[in-house]
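The structure appears right after this line, and notes come after that.
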Amino acid sequence: MRDIIFYKKLFGNQFKFMKMEEKNDVVRIIDVPHIEEFEQRILQLGGNLTVPTVELKDKQKIAYFSDPDGCIFALLEHDR
């Protein structure tokens, strides 16, 4: 089970974690205003950076992280 406390501390108590069928090939992608705002907090909460921020088409950016349980998730930033 993923560490829901980690995600609530990172994104606030309003964060809703959708239960999905457990599969190793599923990566959750979370839309955020600015990846940089979350990166340091992720590291402080025991997470790790697995793939640094890269730019995608349409002025989007994505970075991959792992939570303290080792589960991979991504943050996606749109140029707003």
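Order determines the names: the first chain of the structure tokens is A, the second B, and so forth; residues in each chain are numbered 1 upward, and ligands are numbered 1 upward as they are shown.
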So that I can see what lies close to Asn48 (chain A), please list as a tab-separated table (two decimals) with N, CA and C atoms, in the first residue's frame the residues with an atom at most 8 Å from it, counting only C-alpha atoms and leaving out residues fewer than 6 positions away in the same chain.
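Okay, around31.tsv is ready:
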```
chain	number	residue	atom	x	y	z
A	42	ILE	N	9.30	16.78	-1.81
A	42	ILE	CA	9.32	15.33	-2.01
A	42	ILE	C	10.56	14.73	-1.36
A	65	PHE	N	9.25	10.62	-9.83
A	65	PHE	CA	9.71	10.50	-8.46
A	65	PHE	C	9.28	9.14	-7.91
A	66	SER	N	9.83	8.77	-6.76
A	66	SER	CA	9.32	7.61	-6.04
A	66	SER	C	8.97	8.05	-4.63
A	67	ASP	N	7.90	7.48	-4.10
A	67	ASP	CA	7.50	7.79	-2.73
A	67	ASP	C	8.34	6.94	-1.78
A	68	PRO	N	8.20	7.11	-0.45
A	68	PRO	CA	9.01	6.34	0.49
A	68	PRO	C	8.85	4.83	0.37
```
Show which residues sit within 6 Å of Leu75 (chain A), as a list of chain:residue names. Count only C-alpha atoms, and ignore same-chain residues fewer than 6 positions away. A:Ile29, A:Ile30, A:Asp31, A:Ile62, A:Ala63
Next, the residues of the selection above should be written as an mmCIF file, in the first residue's frame with N, CA and C atoms.
```cif
data_model
loop_
_atom_site.group_PDB
_atom_site.id
_atom_site.type_symbol
_atom_site.label_atom_id
_atom_site.label_comp_id
_atom_site.auth_asym_id
_atom_site.auth_seq_id
_atom_site.Cartn_x
_atom_site.Cartn_y
_atom_site.Cartn_z
ATOM 1 N N ILE A 29 0.104 9.988 -12.664
ATOM 2 C CA ILE A 29 0.582 11.294 -13.120
ATOM 3 C C ILE A 29 -0.276 12.346 -12.448
ATOM 4 N N ILE A 30 0.370 13.265 -11.752
ATOM 5 C CA ILE A 30 -0.327 14.295 -10.972
ATOM 6 C C ILE A 30 -0.020 15.645 -11.591
ATOM 7 N N ASP A 31 -1.058 16.373 -11.941
ATOM 8 C CA ASP A 31 -0.936 17.699 -12.548
ATOM 9 C C ASP A 31 -0.621 18.723 -11.464
ATOM 10 N N ILE A 62 7.649 17.233 -17.366
ATOM 11 C CA ILE A 62 7.330 16.075 -16.542
ATOM 12 C C ILE A 62 8.583 15.632 -15.805
ATOM 13 N N ALA A 63 8.393 15.166 -14.583
ATOM 14 C CA ALA A 63 9.476 14.592 -13.786
ATOM 15 C C ALA A 63 8.920 13.391 -13.047
#
```
I'd like the contact shell of Phe15 (chain A) - 12 Å cut-off, only C-alpha atoms, skipping same-chain residues fewer than 4 positions apart - returned as a ChimeraX atom specification. /A:4-11,30-31
Export of the given selection (C-alpha atoms) as a compact mmCIF listing (two decimals), in the first residue's frame:
```
# COMPACT_ATOMS: atom_id res chain seq x y z
CA ILE A 4 -1.01 8.07 1.91
CA ILE A 5 0.50 10.23 4.67
CA PHE A 6 3.35 11.15 2.32
CA TYR A 7 0.90 12.35 -0.35
CA LYS A 8 -1.28 14.26 2.12
CA LYS A 9 1.79 16.05 3.50
CA LEU A 10 2.97 16.81 -0.02
CA PHE A 11 -0.31 17.93 -1.58
CA ILE A 30 -0.33 14.30 -10.97
CA ASP A 31 -0.94 17.70 -12.55
```
Would you compute the distance between CA of Val51 (chain A) and CA of Gly12 (chain A)? Give it in Å to one decimal.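 Answer for the CA of Val51 (chain A) to CA of Gly12 (chain A) separation: 23.7 Å.
The nearest approach to Thr53 (chain A) among the residues A:Pro33, A:Gly70, A:Arg41, A:Glu77, with only C-alpha atoms taken into account, belongs to A:Glu77.
DSSP on the backbone gives strand (DSSP E or B) for these parts of chain A: A:Arg28, A:Ile29, A:Ile30, A:Asp31, A:Val32, A:Asn48, A:Leu49, A:Thr50, A:Val51, A:Pro52, A:Thr53, A:Val54, A:Glu55, A:Gln60, A:Lys61, A:Ile62, A:Ala63, A:Tyr64, A:Phe65, A:Ser66, A:Ile72, A:Phe73, A:Ala74, A:Leu75, A:Leu76, A:Glu77, A:His78.
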File dump, residues just selected, C-alpha atoms, as a PDB file, in the first residue's frame:
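Dumped to selection14.pdb:
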```pdb
ATOM      1  CA  ARG A  28       0.222   7.867 -11.491  1.00  0.00           C
ATOM      2  CA  ILE A  29       0.582  11.294 -13.120  1.00  0.00           C
ATOM      3  CA  ILE A  30      -0.327  14.295 -10.972  1.00  0.00           C
ATOM      4  CA  ASP A  31      -0.936  17.699 -12.548  1.00  0.00           C
ATOM      5  CA  VAL A  32       0.849  20.520 -10.674  1.00  0.00           C
ATOM      6  CA  ASN A  48      13.403  10.355  -4.445  1.00  0.00           C
ATOM      7  CA  LEU A  49      13.879  11.929  -7.860  1.00  0.00           C
ATOM      8  CA  THR A  50      14.025   9.090 -10.401  1.00  0.00           C
ATOM      9  CA  VAL A  51      13.952  11.037 -13.703  1.00  0.00           C
ATOM     10  CA  PRO A  52      14.770  14.782 -13.720  1.00  0.00           C
ATOM     11  CA  THR A  53      12.396  17.288 -15.294  1.00  0.00           C
ATOM     12  CA  VAL A  54      12.218  17.132 -19.074  1.00  0.00           C
ATOM     13  CA  GLU A  55      10.322  19.339 -21.485  1.00  0.00           C
ATOM     14  CA  GLN A  60       4.675  20.758 -20.807  1.00  0.00           C
ATOM     15  CA  LYS A  61       7.238  19.412 -18.354  1.00  0.00           C
ATOM     16  CA  ILE A  62       7.330  16.075 -16.542  1.00  0.00           C
ATOM     17  CA  ALA A  63       9.476  14.592 -13.786  1.00  0.00           C
ATOM     18  CA  TYR A  64       9.350  11.163 -12.160  1.00  0.00           C
ATOM     19  CA  PHE A  65       9.707  10.500  -8.455  1.00  0.00           C
ATOM     20  CA  SER A  66       9.322   7.612  -6.044  1.00  0.00           C
ATOM     21  CA  ILE A  72       6.840   5.661  -8.943  1.00  0.00           C
ATOM     22  CA  PHE A  73       4.698   8.715  -9.711  1.00  0.00           C
ATOM     23  CA  ALA A  74       5.094  11.648 -12.080  1.00  0.00           C
ATOM     24  CA  LEU A  75       4.404  15.352 -11.820  1.00  0.00           C
ATOM     25  CA  LEU A  76       3.151  17.041 -14.978  1.00  0.00           C
ATOM     26  CA  GLU A  77       3.378  20.804 -15.430  1.00  0.00           C
ATOM     27  CA  HIS A  78       1.525  22.746 -18.120  1.00  0.00           C
TER      28      HIS A  78
END
```
Looking only at the backbone, which of the residues in chain A does DSSP tag as alpha helix (DSSP H), as a list of chain:residue names?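 So, restricting chain A to alpha helix (DSSP H), we get A:Ile4, A:Ile5, A:Phe6, A:Tyr7, A:Lys8, A:Lys9, A:Leu10, A:Phe11, A:Ile35, A:Glu36, A:Glu37, A:Phe38, A:Glu39, A:Gln40, A:Arg41, A:Ile42, A:Leu43, A:Gln44.
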